[in-house]
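Coordinates as given in final18.cif (mmCIF, N, CA and C atoms):
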```
data_input
loop_
_atom_site.label_atom_id
_atom_site.label_comp_id
_atom_site.auth_asym_id
_atom_site.auth_seq_id
_atom_site.Cartn_x
_atom_site.Cartn_y
_atom_site.Cartn_z
N MET F 1 -12.85 17.30 -8.19
CA MET F 1 -11.52 17.70 -7.78
C MET F 1 -11.02 18.78 -8.74
N SER F 2 -10.50 19.87 -8.22
CA SER F 2 -10.05 20.96 -9.07
C SER F 2 -8.67 20.67 -9.65
N GLU F 3 -8.43 21.24 -10.80
CA GLU F 3 -7.17 21.06 -11.52
C GLU F 3 -6.02 21.77 -10.81
N LEU F 4 -4.83 21.22 -10.92
CA LEU F 4 -3.64 21.84 -10.36
C LEU F 4 -3.26 23.02 -11.24
N GLU F 5 -3.05 24.16 -10.63
CA GLU F 5 -2.64 25.38 -11.35
C GLU F 5 -1.31 25.85 -10.78
N TRP F 6 -0.52 26.46 -11.64
CA TRP F 6 0.81 26.94 -11.25
C TRP F 6 0.85 28.47 -11.34
N LYS F 7 1.41 29.09 -10.30
CA LYS F 7 1.56 30.55 -10.26
C LYS F 7 3.04 30.90 -10.33
N LEU F 8 3.33 32.09 -10.79
CA LEU F 8 4.68 32.64 -10.82
C LEU F 8 5.67 31.74 -11.56
N ALA F 9 5.23 31.15 -12.65
CA ALA F 9 6.10 30.30 -13.47
C ALA F 9 6.81 31.16 -14.51
N TYR F 10 8.05 30.79 -14.82
CA TYR F 10 8.86 31.51 -15.80
C TYR F 10 9.40 30.53 -16.83
N PRO F 11 9.45 30.93 -18.09
CA PRO F 11 9.96 30.02 -19.12
C PRO F 11 11.41 29.62 -18.85
N ILE F 12 11.76 28.45 -19.33
CA ILE F 12 13.16 28.03 -19.27
C ILE F 12 13.91 28.82 -20.33
N ASP F 13 15.02 29.45 -19.92
CA ASP F 13 15.80 30.28 -20.85
C ASP F 13 16.45 29.46 -21.95
N ASN F 14 16.87 28.26 -21.61
CA ASN F 14 17.62 27.44 -22.55
C ASN F 14 17.05 26.03 -22.53
N ASP F 15 16.50 25.61 -23.65
CA ASP F 15 15.89 24.28 -23.73
C ASP F 15 16.87 23.15 -23.41
N SER F 16 18.15 23.40 -23.57
CA SER F 16 19.13 22.34 -23.31
C SER F 16 19.39 22.14 -21.81
N ALA F 17 18.79 22.97 -20.95
CA ALA F 17 19.00 22.84 -19.51
C ALA F 17 18.53 21.46 -19.01
N ILE F 18 17.43 20.97 -19.56
CA ILE F 18 16.94 19.65 -19.15
C ILE F 18 17.93 18.57 -19.55
N ASN F 19 18.45 18.66 -20.78
CA ASN F 19 19.45 17.69 -21.23
C ASN F 19 20.72 17.77 -20.39
N LYS F 20 21.09 18.97 -19.99
CA LYS F 20 22.29 19.15 -19.16
C LYS F 20 22.11 18.48 -17.80
N ILE F 21 20.94 18.64 -17.20
CA ILE F 21 20.66 17.99 -15.92
C ILE F 21 20.70 16.48 -16.08
N GLU F 22 20.11 15.98 -17.15
CA GLU F 22 20.12 14.53 -17.39
C GLU F 22 21.55 14.02 -17.55
N GLY F 23 22.41 14.82 -18.17
CA GLY F 23 23.81 14.45 -18.30
C GLY F 23 24.51 14.38 -16.95
N ILE F 24 24.22 15.34 -16.09
CA ILE F 24 24.81 15.35 -14.75
C ILE F 24 24.31 14.16 -13.94
N LEU F 25 23.00 13.89 -14.03
CA LEU F 25 22.41 12.77 -13.29
C LEU F 25 22.82 11.42 -13.87
N GLY F 26 23.06 11.39 -15.16
CA GLY F 26 23.29 10.12 -15.84
C GLY F 26 22.00 9.33 -15.96
N LYS F 27 20.88 10.02 -15.85
CA LYS F 27 19.54 9.41 -15.93
C LYS F 27 18.61 10.37 -16.65
N GLU F 28 17.56 9.80 -17.26
CA GLU F 28 16.55 10.64 -17.88
C GLU F 28 15.52 11.08 -16.83
N LEU F 29 15.05 12.30 -16.98
CA LEU F 29 13.97 12.77 -16.13
C LEU F 29 12.66 12.15 -16.64
N PRO F 30 11.74 11.84 -15.74
CA PRO F 30 10.45 11.28 -16.18
C PRO F 30 9.73 12.25 -17.12
N ASN F 31 9.05 11.70 -18.13
CA ASN F 31 8.36 12.53 -19.12
C ASN F 31 7.37 13.50 -18.48
N GLU F 32 6.59 13.03 -17.49
CA GLU F 32 5.62 13.91 -16.85
C GLU F 32 6.31 15.06 -16.13
N PHE F 33 7.52 14.82 -15.60
CA PHE F 33 8.28 15.89 -14.96
C PHE F 33 8.74 16.90 -16.01
N ARG F 34 9.27 16.41 -17.11
CA ARG F 34 9.73 17.28 -18.19
C ARG F 34 8.60 18.22 -18.64
N GLU F 35 7.41 17.67 -18.84
CA GLU F 35 6.27 18.46 -19.29
C GLU F 35 5.94 19.57 -18.30
N VAL F 36 5.94 19.24 -17.02
CA VAL F 36 5.61 20.23 -15.99
C VAL F 36 6.68 21.30 -15.92
N ILE F 37 7.95 20.93 -15.93
CA ILE F 37 9.01 21.93 -15.78
C ILE F 37 9.09 22.85 -17.00
N ILE F 38 8.83 22.32 -18.19
CA ILE F 38 8.86 23.16 -19.39
C ILE F 38 7.79 24.24 -19.31
N LYS F 39 6.61 23.88 -18.83
CA LYS F 39 5.49 24.83 -18.76
C LYS F 39 5.50 25.68 -17.50
N ASN F 40 6.08 25.15 -16.41
CA ASN F 40 5.90 25.79 -15.10
C ASN F 40 7.19 26.00 -14.32
N ASN F 41 8.30 26.18 -15.00
CA ASN F 41 9.59 26.40 -14.35
C ASN F 41 9.47 27.45 -13.24
N GLU F 42 9.96 27.12 -12.06
CA GLU F 42 9.94 28.00 -10.89
C GLU F 42 8.56 28.21 -10.29
N GLY F 43 7.56 27.58 -10.84
CA GLY F 43 6.18 27.83 -10.41
C GLY F 43 5.84 27.27 -9.04
N SER F 44 4.78 27.84 -8.48
CA SER F 44 4.22 27.39 -7.20
C SER F 44 2.82 26.84 -7.47
N PRO F 45 2.54 25.64 -6.97
CA PRO F 45 1.21 25.06 -7.22
C PRO F 45 0.14 25.67 -6.32
N ASN F 46 -1.10 25.72 -6.82
CA ASN F 46 -2.20 26.24 -6.00
C ASN F 46 -2.55 25.27 -4.87
N LYS F 47 -2.23 24.00 -5.04
CA LYS F 47 -2.37 23.01 -3.96
C LYS F 47 -0.95 22.69 -3.50
N SER F 48 -0.64 22.95 -2.26
CA SER F 48 0.76 22.83 -1.85
C SER F 48 1.01 21.86 -0.70
N ASN F 49 -0.03 21.32 -0.10
CA ASN F 49 0.17 20.39 1.01
C ASN F 49 0.29 18.96 0.50
N PHE F 50 1.10 18.17 1.20
CA PHE F 50 1.23 16.75 0.89
C PHE F 50 1.64 16.01 2.16
N LYS F 51 1.44 14.72 2.15
CA LYS F 51 1.84 13.87 3.27
C LYS F 51 2.84 12.84 2.77
N THR F 52 3.77 12.50 3.66
CA THR F 52 4.72 11.43 3.35
C THR F 52 4.13 10.12 3.83
N ASP F 53 4.84 9.03 3.57
CA ASP F 53 4.35 7.72 3.98
C ASP F 53 4.30 7.55 5.49
N THR F 54 4.92 8.46 6.24
CA THR F 54 4.83 8.41 7.70
C THR F 54 3.60 9.15 8.21
N GLY F 55 2.88 9.82 7.29
CA GLY F 55 1.69 10.58 7.68
C GLY F 55 2.00 12.02 8.03
N THR F 56 3.28 12.40 7.95
CA THR F 56 3.67 13.77 8.27
C THR F 56 3.27 14.70 7.13
N GLU F 57 2.66 15.83 7.49
CA GLU F 57 2.23 16.81 6.50
C GLU F 57 3.36 17.82 6.24
N HIS F 58 3.53 18.17 4.97
CA HIS F 58 4.54 19.13 4.56
C HIS F 58 3.94 20.08 3.54
N VAL F 59 4.73 21.11 3.18
CA VAL F 59 4.31 22.11 2.21
C VAL F 59 5.31 22.17 1.06
N PHE F 60 4.80 22.16 -0.17
CA PHE F 60 5.59 22.29 -1.38
C PHE F 60 5.49 23.74 -1.83
N CYS F 61 6.58 24.49 -1.70
CA CYS F 61 6.55 25.91 -2.07
C CYS F 61 6.62 26.13 -3.57
N ASN F 62 7.65 25.58 -4.20
CA ASN F 62 7.85 25.86 -5.62
C ASN F 62 8.84 24.87 -6.25
N LEU F 63 8.80 24.87 -7.58
CA LEU F 63 9.79 24.14 -8.36
C LEU F 63 11.08 24.97 -8.36
N ILE F 64 12.21 24.32 -8.32
CA ILE F 64 13.49 25.03 -8.38
C ILE F 64 13.79 25.33 -9.84
N SER F 65 14.27 26.52 -10.11
CA SER F 65 14.50 26.99 -11.48
C SER F 65 15.53 26.17 -12.24
N PHE F 66 15.25 25.97 -13.52
CA PHE F 66 16.21 25.36 -14.44
C PHE F 66 17.02 26.43 -15.16
N ASN F 67 16.78 27.71 -14.85
CA ASN F 67 17.52 28.81 -15.47
C ASN F 67 18.80 29.06 -14.69
N GLU F 68 19.94 28.85 -15.34
CA GLU F 68 21.23 28.96 -14.66
C GLU F 68 21.55 30.37 -14.18
N ASP F 69 20.93 31.39 -14.77
CA ASP F 69 21.21 32.76 -14.34
C ASP F 69 20.45 33.15 -13.07
N GLU F 70 19.53 32.31 -12.63
CA GLU F 70 18.81 32.56 -11.37
C GLU F 70 19.74 32.22 -10.20
N GLU F 71 19.63 32.98 -9.14
CA GLU F 71 20.48 32.74 -7.97
C GLU F 71 20.28 31.33 -7.42
N ILE F 72 19.02 30.92 -7.30
CA ILE F 72 18.72 29.57 -6.85
C ILE F 72 18.26 28.79 -8.08
N ASN F 73 19.03 27.77 -8.43
CA ASN F 73 18.69 26.94 -9.58
C ASN F 73 19.06 25.50 -9.29
N VAL F 74 18.58 24.58 -10.12
CA VAL F 74 18.82 23.15 -9.85
C VAL F 74 20.29 22.78 -9.93
N PHE F 75 21.07 23.46 -10.74
CA PHE F 75 22.48 23.15 -10.90
C PHE F 75 23.25 23.45 -9.60
N ASN F 76 23.06 24.67 -9.08
CA ASN F 76 23.72 25.04 -7.83
C ASN F 76 23.19 24.23 -6.65
N THR F 77 21.89 24.00 -6.64
CA THR F 77 21.27 23.24 -5.55
C THR F 77 21.85 21.83 -5.49
N MET F 78 22.00 21.19 -6.64
CA MET F 78 22.57 19.84 -6.66
C MET F 78 24.00 19.83 -6.11
N LYS F 79 24.81 20.82 -6.49
CA LYS F 79 26.19 20.89 -6.00
C LYS F 79 26.24 21.08 -4.49
N ILE F 80 25.47 22.04 -4.02
CA ILE F 80 25.48 22.36 -2.58
C ILE F 80 24.97 21.18 -1.77
N LEU F 81 23.83 20.62 -2.17
CA LEU F 81 23.26 19.52 -1.41
C LEU F 81 24.08 18.25 -1.52
N GLY F 82 24.72 18.04 -2.68
CA GLY F 82 25.59 16.88 -2.85
C GLY F 82 26.74 16.88 -1.86
N SER F 83 27.24 18.07 -1.54
CA SER F 83 28.33 18.16 -0.57
C SER F 83 27.81 18.18 0.87
N ASN F 84 26.48 18.16 1.02
CA ASN F 84 25.88 18.15 2.35
C ASN F 84 25.07 16.89 2.62
N GLY F 85 25.38 15.82 1.90
CA GLY F 85 24.78 14.53 2.23
C GLY F 85 23.65 14.04 1.35
N LEU F 86 23.24 14.80 0.35
CA LEU F 86 22.18 14.32 -0.54
C LEU F 86 22.73 13.17 -1.37
N LYS F 87 22.00 12.07 -1.42
CA LYS F 87 22.44 10.91 -2.19
C LYS F 87 22.50 11.24 -3.67
N LYS F 88 23.46 10.64 -4.37
CA LYS F 88 23.61 10.90 -5.81
C LYS F 88 22.43 10.42 -6.63
N GLU F 89 21.64 9.49 -6.09
CA GLU F 89 20.45 8.99 -6.78
C GLU F 89 19.25 9.93 -6.63
N MET F 90 19.44 11.04 -5.93
CA MET F 90 18.34 11.97 -5.68
C MET F 90 18.54 13.26 -6.46
N PHE F 91 17.43 13.75 -7.03
CA PHE F 91 17.45 15.01 -7.76
C PHE F 91 16.45 15.98 -7.11
N PRO F 92 16.95 17.04 -6.45
CA PRO F 92 16.06 18.01 -5.80
C PRO F 92 15.38 18.91 -6.83
N PHE F 93 14.06 18.89 -6.84
CA PHE F 93 13.33 19.71 -7.82
C PHE F 93 12.41 20.73 -7.17
N GLY F 94 12.14 20.58 -5.88
CA GLY F 94 11.25 21.51 -5.19
C GLY F 94 11.70 21.70 -3.76
N GLU F 95 11.16 22.74 -3.13
CA GLU F 95 11.55 23.02 -1.75
C GLU F 95 10.36 23.37 -0.91
N ASP F 96 10.55 23.21 0.41
CA ASP F 96 9.52 23.63 1.36
C ASP F 96 9.97 24.93 2.00
N PRO F 97 9.17 25.54 2.88
CA PRO F 97 9.55 26.83 3.46
C PRO F 97 10.69 26.76 4.48
N PHE F 98 11.17 25.55 4.80
CA PHE F 98 12.14 25.39 5.87
C PHE F 98 13.50 24.88 5.40
N GLY F 99 13.75 24.92 4.10
CA GLY F 99 15.03 24.50 3.57
C GLY F 99 15.15 23.02 3.29
N ASN F 100 14.03 22.31 3.28
CA ASN F 100 14.01 20.89 2.94
C ASN F 100 13.63 20.76 1.48
N TYR F 101 13.83 19.57 0.93
CA TYR F 101 13.66 19.40 -0.51
C TYR F 101 12.76 18.24 -0.88
N ILE F 102 12.06 18.41 -1.99
CA ILE F 102 11.28 17.35 -2.60
C ILE F 102 12.16 16.88 -3.76
N CYS F 103 12.38 15.57 -3.83
CA CYS F 103 13.34 15.03 -4.80
C CYS F 103 12.78 13.86 -5.59
N LEU F 104 13.29 13.71 -6.80
CA LEU F 104 13.12 12.47 -7.54
C LEU F 104 14.19 11.54 -7.00
N TYR F 105 13.80 10.32 -6.68
CA TYR F 105 14.74 9.35 -6.11
C TYR F 105 14.79 8.15 -7.04
N TYR F 106 15.91 8.01 -7.73
CA TYR F 106 16.09 6.96 -8.72
C TYR F 106 16.41 5.65 -8.03
N GLN F 107 15.43 4.75 -8.05
CA GLN F 107 15.59 3.39 -7.54
C GLN F 107 15.90 2.49 -8.73
N ALA F 108 16.02 1.20 -8.52
CA ALA F 108 16.41 0.26 -9.58
C ALA F 108 15.66 0.48 -10.89
N ASP F 109 14.35 0.29 -10.88
CA ASP F 109 13.58 0.39 -12.11
C ASP F 109 12.52 1.48 -12.07
N ASN F 110 12.52 2.30 -11.06
CA ASN F 110 11.49 3.33 -10.98
C ASN F 110 12.05 4.61 -10.36
N VAL F 111 11.26 5.65 -10.45
CA VAL F 111 11.64 6.94 -9.89
C VAL F 111 10.54 7.36 -8.92
N GLU F 112 10.87 7.36 -7.63
CA GLU F 112 9.92 7.78 -6.60
C GLU F 112 10.10 9.26 -6.32
N VAL F 113 9.13 9.83 -5.61
CA VAL F 113 9.26 11.20 -5.13
C VAL F 113 9.37 11.10 -3.62
N VAL F 114 10.40 11.77 -3.08
CA VAL F 114 10.66 11.71 -1.64
C VAL F 114 10.86 13.11 -1.07
N PHE F 115 10.73 13.18 0.24
CA PHE F 115 11.00 14.40 1.00
C PHE F 115 12.34 14.19 1.68
N TRP F 116 13.26 15.15 1.53
CA TRP F 116 14.58 15.05 2.16
C TRP F 116 14.75 16.17 3.18
N ASP F 117 14.91 15.80 4.44
CA ASP F 117 15.13 16.76 5.52
C ASP F 117 16.60 17.14 5.53
N HIS F 118 16.89 18.41 5.26
CA HIS F 118 18.29 18.85 5.14
C HIS F 118 19.05 18.82 6.46
N GLU F 119 18.36 18.86 7.59
CA GLU F 119 19.04 18.85 8.89
C GLU F 119 19.40 17.45 9.36
N THR F 120 18.52 16.50 9.11
CA THR F 120 18.73 15.14 9.61
C THR F 120 19.16 14.15 8.52
N GLY F 121 18.94 14.52 7.25
CA GLY F 121 19.22 13.61 6.15
C GLY F 121 18.14 12.54 5.99
N ARG F 122 17.09 12.66 6.78
CA ARG F 122 15.99 11.68 6.74
C ARG F 122 15.27 11.77 5.40
N ILE F 123 14.94 10.61 4.84
CA ILE F 123 14.21 10.51 3.58
C ILE F 123 12.85 9.88 3.88
N GLU F 124 11.78 10.54 3.42
CA GLU F 124 10.43 10.00 3.57
C GLU F 124 9.79 9.92 2.19
N LYS F 125 9.26 8.78 1.86
CA LYS F 125 8.61 8.59 0.57
C LYS F 125 7.30 9.38 0.52
N ILE F 126 7.07 10.00 -0.63
CA ILE F 126 5.82 10.73 -0.86
C ILE F 126 4.94 9.95 -1.83
N ALA F 127 5.53 9.56 -2.98
CA ALA F 127 4.73 8.90 -4.02
C ALA F 127 5.60 8.01 -4.88
N ASP F 128 4.95 7.07 -5.59
CA ASP F 128 5.64 6.14 -6.48
C ASP F 128 6.09 6.77 -7.79
N SER F 129 5.57 7.95 -8.11
CA SER F 129 5.94 8.62 -9.37
C SER F 129 5.66 10.12 -9.23
N PHE F 130 6.17 10.89 -10.18
CA PHE F 130 5.94 12.32 -10.17
C PHE F 130 4.46 12.63 -10.38
N SER F 131 3.82 11.93 -11.29
CA SER F 131 2.40 12.20 -11.53
C SER F 131 1.56 11.87 -10.29
N LYS F 132 1.91 10.81 -9.58
CA LYS F 132 1.18 10.48 -8.34
C LYS F 132 1.44 11.52 -7.26
N PHE F 133 2.64 12.08 -7.26
CA PHE F 133 2.94 13.16 -6.32
C PHE F 133 2.03 14.36 -6.60
N LEU F 134 1.92 14.76 -7.86
CA LEU F 134 1.05 15.89 -8.21
C LEU F 134 -0.39 15.61 -7.84
N GLU F 135 -0.85 14.38 -8.07
CA GLU F 135 -2.22 14.00 -7.71
C GLU F 135 -2.45 14.03 -6.21
N SER F 136 -1.38 13.84 -5.42
CA SER F 136 -1.55 13.79 -3.97
C SER F 136 -1.60 15.18 -3.32
N LEU F 137 -1.26 16.22 -4.07
CA LEU F 137 -1.28 17.58 -3.51
C LEU F 137 -2.70 18.01 -3.18
N TYR F 138 -2.85 18.66 -2.06
CA TYR F 138 -4.16 19.16 -1.66
C TYR F 138 -4.05 20.53 -1.01
#
```

Full structure transcribed into structure tokens:
Amino acid sequence: MSELEWKLAYPIDNDSAINKIEGILGKELPNEFREVIIKNNEGSPNKSNFKTDTGTEHVFCNLISFNEDEEINVFNTMKILGSNGLKKEMFPFGEDPFGNYICLYYQADNVEVVFWDHETGRIEKIADSFSKFLESLY
């Protein structure tokens, strides 16, 4: 199995951006997520297809930027989606080509990765953790 590679990644301008997001969420981001975003902010993976628990295939375009000066960033995305029905327990970190989002979904004692359809509000589970989500990409 070939290693996951990231293209078009840009450094995070401000290291405190991760702490700021955690403050807004009131939750810590998973360590494996932190490691990936620090190295691959805004990046696109070389393996981009994934399936949800319903068997539906989707495409992961890129990580959403943690740089506040970017037009599309996690701060603005959270505000916009929060006012459009995204649950407060969900953190959008990636997007597909159709305006849908891949999110961390904070459950009682774990953080799952889910697909959120922006038109229907439907949530489909992808993986039990961020690392399992990355492993599932093909």

Item to check | Which of F:Pro97, F:Asn31, F:Val113, F:Gln107 sits closest to Cys61 (chain F) [using all atoms listed in the file] | outcome: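 Distance minimum relative to Cys61 (chain F) lands on F:Pro97.
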
If the PyMOL selection byres ((chain F and resi 63-77) around 6.5) is run on the structure shown, which residues does it catch, given as a CSV table (one decimal) with N, CA and C atoms, in the frame of the given file?
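Listed below is the output, selection.csv:
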```csv
chain,number,residue,atom,x,y,z
F,12,ILE,N,11.8,28.4,-19.3
F,12,ILE,CA,13.2,28.0,-19.3
F,12,ILE,C,13.9,28.8,-20.3
F,13,ASP,N,15.0,29.4,-19.9
F,13,ASP,CA,15.8,30.3,-20.8
F,13,ASP,C,16.4,29.5,-22.0
F,14,ASN,N,16.9,28.3,-21.6
F,14,ASN,CA,17.6,27.4,-22.6
F,14,ASN,C,17.0,26.0,-22.5
F,17,ALA,N,18.8,23.0,-21.0
F,17,ALA,CA,19.0,22.8,-19.5
F,17,ALA,C,18.5,21.5,-19.0
F,41,ASN,N,8.3,26.2,-15.0
F,41,ASN,CA,9.6,26.4,-14.4
F,41,ASN,C,9.5,27.4,-13.2
F,42,GLU,N,10.0,27.1,-12.1
F,42,GLU,CA,9.9,28.0,-10.9
F,42,GLU,C,8.6,28.2,-10.3
F,43,GLY,N,7.6,27.6,-10.8
F,43,GLY,CA,6.2,27.8,-10.4
F,43,GLY,C,5.8,27.3,-9.0
F,44,SER,N,4.8,27.8,-8.5
F,44,SER,CA,4.2,27.4,-7.2
F,44,SER,C,2.8,26.8,-7.5
F,45,PRO,N,2.5,25.6,-7.0
F,45,PRO,CA,1.2,25.1,-7.2
F,45,PRO,C,0.1,25.7,-6.3
F,61,CYS,N,6.6,24.5,-1.7
F,61,CYS,CA,6.6,25.9,-2.1
F,61,CYS,C,6.6,26.1,-3.6
F,62,ASN,N,7.6,25.6,-4.2
F,62,ASN,CA,7.8,25.9,-5.6
F,62,ASN,C,8.8,24.9,-6.2
F,78,MET,N,22.0,21.2,-6.6
F,78,MET,CA,22.6,19.8,-6.7
F,78,MET,C,24.0,19.8,-6.1
F,79,LYS,N,24.8,20.8,-6.5
F,79,LYS,CA,26.2,20.9,-6.0
F,79,LYS,C,26.2,21.1,-4.5
F,80,ILE,N,25.5,22.0,-4.0
F,80,ILE,CA,25.5,22.4,-2.6
F,80,ILE,C,25.0,21.2,-1.8
F,81,LEU,N,23.8,20.6,-2.2
F,81,LEU,CA,23.3,19.5,-1.4
F,81,LEU,C,24.1,18.2,-1.5
F,82,GLY,N,24.7,18.0,-2.7
F,82,GLY,CA,25.6,16.9,-2.8
F,82,GLY,C,26.7,16.9,-1.9
F,92,PRO,N,17.0,17.0,-6.4
F,92,PRO,CA,16.1,18.0,-5.8
F,92,PRO,C,15.4,18.9,-6.8
F,93,PHE,N,14.1,18.9,-6.8
F,93,PHE,CA,13.3,19.7,-7.8
F,93,PHE,C,12.4,20.7,-7.2
F,94,GLY,N,12.1,20.6,-5.9
F,94,GLY,CA,11.2,21.5,-5.2
F,94,GLY,C,11.7,21.7,-3.8
F,95,GLU,N,11.2,22.7,-3.1
F,95,GLU,CA,11.6,23.0,-1.8
F,95,GLU,C,10.4,23.4,-0.9
```

Checklist entry - Can you list what the PyMOL selection byres (((chain F and resi 112 and name CA) around 12) and name CA) grabs from this structure, as number ranges by chain? => result F: 29-30, 33, 52-53, 89-92, 102-111, 113-115, 123-133

Item to check | Of the listed residues F:Gly23, F:Thr120, F:Ile18, F:Phe98, that which approaches Ile38 (chain F) most closely, counting only C-alpha atoms | outcome: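 For Ile38 (chain F), the nearest of the given residues is F:Ile18.
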
Next on the checklist: To test your reading of the structure, identify every residue in chain F that backbone DSSP assigns to alpha helix (DSSP H), and report it as a PyMOL selection string.
Outcome noted: chain F and resi 16-25+31-40+74-82+130-136

Item to check | Computed interatomic separation between CA of Asp15 (chain F) and atom N of Gly99 (chain F) (Å) | outcome: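 Separation of CA of Asp15 (chain F) and atom N of Gly99 (chain F): 27.9 Å.
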
Next on the checklist: Please identify the strand (DSSP E or B) residues within region 18-119 of chain F (assignment by DSSP from backbone atoms) and present them as an NGL selection string.
Outcome noted: :F and (44-45 or 49-51 or 57-59 or 62-63 or 65 or 73 or 90-95 or 101-106 or 111-116)

Expected file: the selected residues, N, CA and C atoms, as a compact mmCIF listing (two decimals), in the coordinates of the input:
```txt
# COMPACT_ATOMS: atom_id res chain seq x y z
N SER F 44 4.78 27.84 -8.48
CA SER F 44 4.22 27.39 -7.20
C SER F 44 2.82 26.84 -7.47
N PRO F 45 2.54 25.64 -6.97
CA PRO F 45 1.21 25.06 -7.22
C PRO F 45 0.14 25.67 -6.32
N ASN F 49 -0.03 21.32 -0.10
CA ASN F 49 0.17 20.39 1.01
C ASN F 49 0.29 18.96 0.50
N PHE F 50 1.10 18.17 1.20
CA PHE F 50 1.23 16.75 0.89
C PHE F 50 1.64 16.01 2.16
N LYS F 51 1.44 14.72 2.15
CA LYS F 51 1.84 13.87 3.27
C LYS F 51 2.84 12.84 2.77
N GLU F 57 2.66 15.83 7.49
CA GLU F 57 2.23 16.81 6.50
C GLU F 57 3.36 17.82 6.24
N HIS F 58 3.53 18.17 4.97
CA HIS F 58 4.54 19.13 4.56
C HIS F 58 3.94 20.08 3.54
N VAL F 59 4.73 21.11 3.18
CA VAL F 59 4.31 22.11 2.21
C VAL F 59 5.31 22.17 1.06
N ASN F 62 7.65 25.58 -4.20
CA ASN F 62 7.85 25.86 -5.62
C ASN F 62 8.84 24.87 -6.25
N LEU F 63 8.80 24.87 -7.58
CA LEU F 63 9.79 24.14 -8.36
C LEU F 63 11.08 24.97 -8.36
N SER F 65 14.27 26.52 -10.11
CA SER F 65 14.50 26.99 -11.48
C SER F 65 15.53 26.17 -12.24
N ASN F 73 19.03 27.77 -8.43
CA ASN F 73 18.69 26.94 -9.58
C ASN F 73 19.06 25.50 -9.29
N MET F 90 19.44 11.04 -5.93
CA MET F 90 18.34 11.97 -5.68
C MET F 90 18.54 13.26 -6.46
N PHE F 91 17.43 13.75 -7.03
CA PHE F 91 17.45 15.01 -7.76
C PHE F 91 16.45 15.98 -7.11
N PRO F 92 16.95 17.04 -6.45
CA PRO F 92 16.06 18.01 -5.80
C PRO F 92 15.38 18.91 -6.83
N PHE F 93 14.06 18.89 -6.84
CA PHE F 93 13.33 19.71 -7.82
C PHE F 93 12.41 20.73 -7.17
N GLY F 94 12.14 20.58 -5.88
CA GLY F 94 11.25 21.51 -5.19
C GLY F 94 11.70 21.70 -3.76
N GLU F 95 11.16 22.74 -3.13
CA GLU F 95 11.55 23.02 -1.75
C GLU F 95 10.36 23.37 -0.91
N TYR F 101 13.83 19.57 0.93
CA TYR F 101 13.66 19.40 -0.51
C TYR F 101 12.76 18.24 -0.88
N ILE F 102 12.06 18.41 -1.99
CA ILE F 102 11.28 17.35 -2.60
C ILE F 102 12.16 16.88 -3.76
N CYS F 103 12.38 15.57 -3.83
CA CYS F 103 13.34 15.03 -4.80
C CYS F 103 12.78 13.86 -5.59
N LEU F 104 13.29 13.71 -6.80
CA LEU F 104 13.12 12.47 -7.54
C LEU F 104 14.19 11.54 -7.00
N TYR F 105 13.80 10.32 -6.68
CA TYR F 105 14.74 9.35 -6.11
C TYR F 105 14.79 8.15 -7.04
N TYR F 106 15.91 8.01 -7.73
CA TYR F 106 16.09 6.96 -8.72
C TYR F 106 16.41 5.65 -8.03
N VAL F 111 11.26 5.65 -10.45
CA VAL F 111 11.64 6.94 -9.89
C VAL F 111 10.54 7.36 -8.92
N GLU F 112 10.87 7.36 -7.63
CA GLU F 112 9.92 7.78 -6.60
C GLU F 112 10.10 9.26 -6.32
N VAL F 113 9.13 9.83 -5.61
CA VAL F 113 9.26 11.20 -5.13
C VAL F 113 9.37 11.10 -3.62
N VAL F 114 10.40 11.77 -3.08
CA VAL F 114 10.66 11.71 -1.64
C VAL F 114 10.86 13.11 -1.07
N PHE F 115 10.73 13.18 0.24
CA PHE F 115 11.00 14.40 1.00
C PHE F 115 12.34 14.19 1.68
N TRP F 116 13.26 15.15 1.53
CA TRP F 116 14.58 15.05 2.16
C TRP F 116 14.75 16.17 3.18
```

Next on the checklist: Could you tell me how far CA of Lys20 (chain F) sits from CA of Phe60 (chain F), in Å to one decimal place?
Outcome noted: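 We find that CA of Phe60 (chain F) and CA of Lys20 (chain F) lie 24.6 Å from each other.
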
Checklist entry - Suppose you want the space between atom N of Lys27 (chain F) and atom C of Leu86 (chain F); what is it in Å? => result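 If I compute the distance from atom N of Lys27 (chain F) to atom C of Leu86 (chain F), I get 14.9 Å.
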
Next on the checklist: Using only C-alpha atoms, which protein or nucleic acid residues come within 8 Å of Phe50 (chain F)? Drop anything in the same chain fewer than 4 positions from it, and give the result as a PyMOL selection string.
Outcome noted: chain F and resi 57-60+126+136-138

Let me see the file: selected residues, N, CA and C atoms, as a compact mmCIF listing (two decimals), in the frame of the given file.
```txt
# COMPACT_ATOMS: atom_id res chain seq x y z
N GLU F 57 2.66 15.83 7.49
CA GLU F 57 2.23 16.81 6.50
C GLU F 57 3.36 17.82 6.24
N HIS F 58 3.53 18.17 4.97
CA HIS F 58 4.54 19.13 4.56
C HIS F 58 3.94 20.08 3.54
N VAL F 59 4.73 21.11 3.18
CA VAL F 59 4.31 22.11 2.21
C VAL F 59 5.31 22.17 1.06
N PHE F 60 4.80 22.16 -0.17
CA PHE F 60 5.59 22.29 -1.38
C PHE F 60 5.49 23.74 -1.83
N ILE F 126 7.07 10.00 -0.63
CA ILE F 126 5.82 10.73 -0.86
C ILE F 126 4.94 9.95 -1.83
N SER F 136 -1.38 13.84 -5.42
CA SER F 136 -1.55 13.79 -3.97
C SER F 136 -1.60 15.18 -3.32
N LEU F 137 -1.26 16.22 -4.07
CA LEU F 137 -1.28 17.58 -3.51
C LEU F 137 -2.70 18.01 -3.18
N TYR F 138 -2.85 18.66 -2.06
CA TYR F 138 -4.16 19.16 -1.66
C TYR F 138 -4.05 20.53 -1.01
```

Next on the checklist: With 7 Å as the threshold, what does the neighbourhood of (21.2, 15.6, 5.4) contain in terms of residues, counting only C-alpha atoms? Coordinates are those of the file; answer as a list in words.
Outcome noted: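 Looking at atoms near the point gives Asn84, Gly85, Leu86, Asp117, His118, Glu119, Thr120, Gly121 and Arg122 of chain F.
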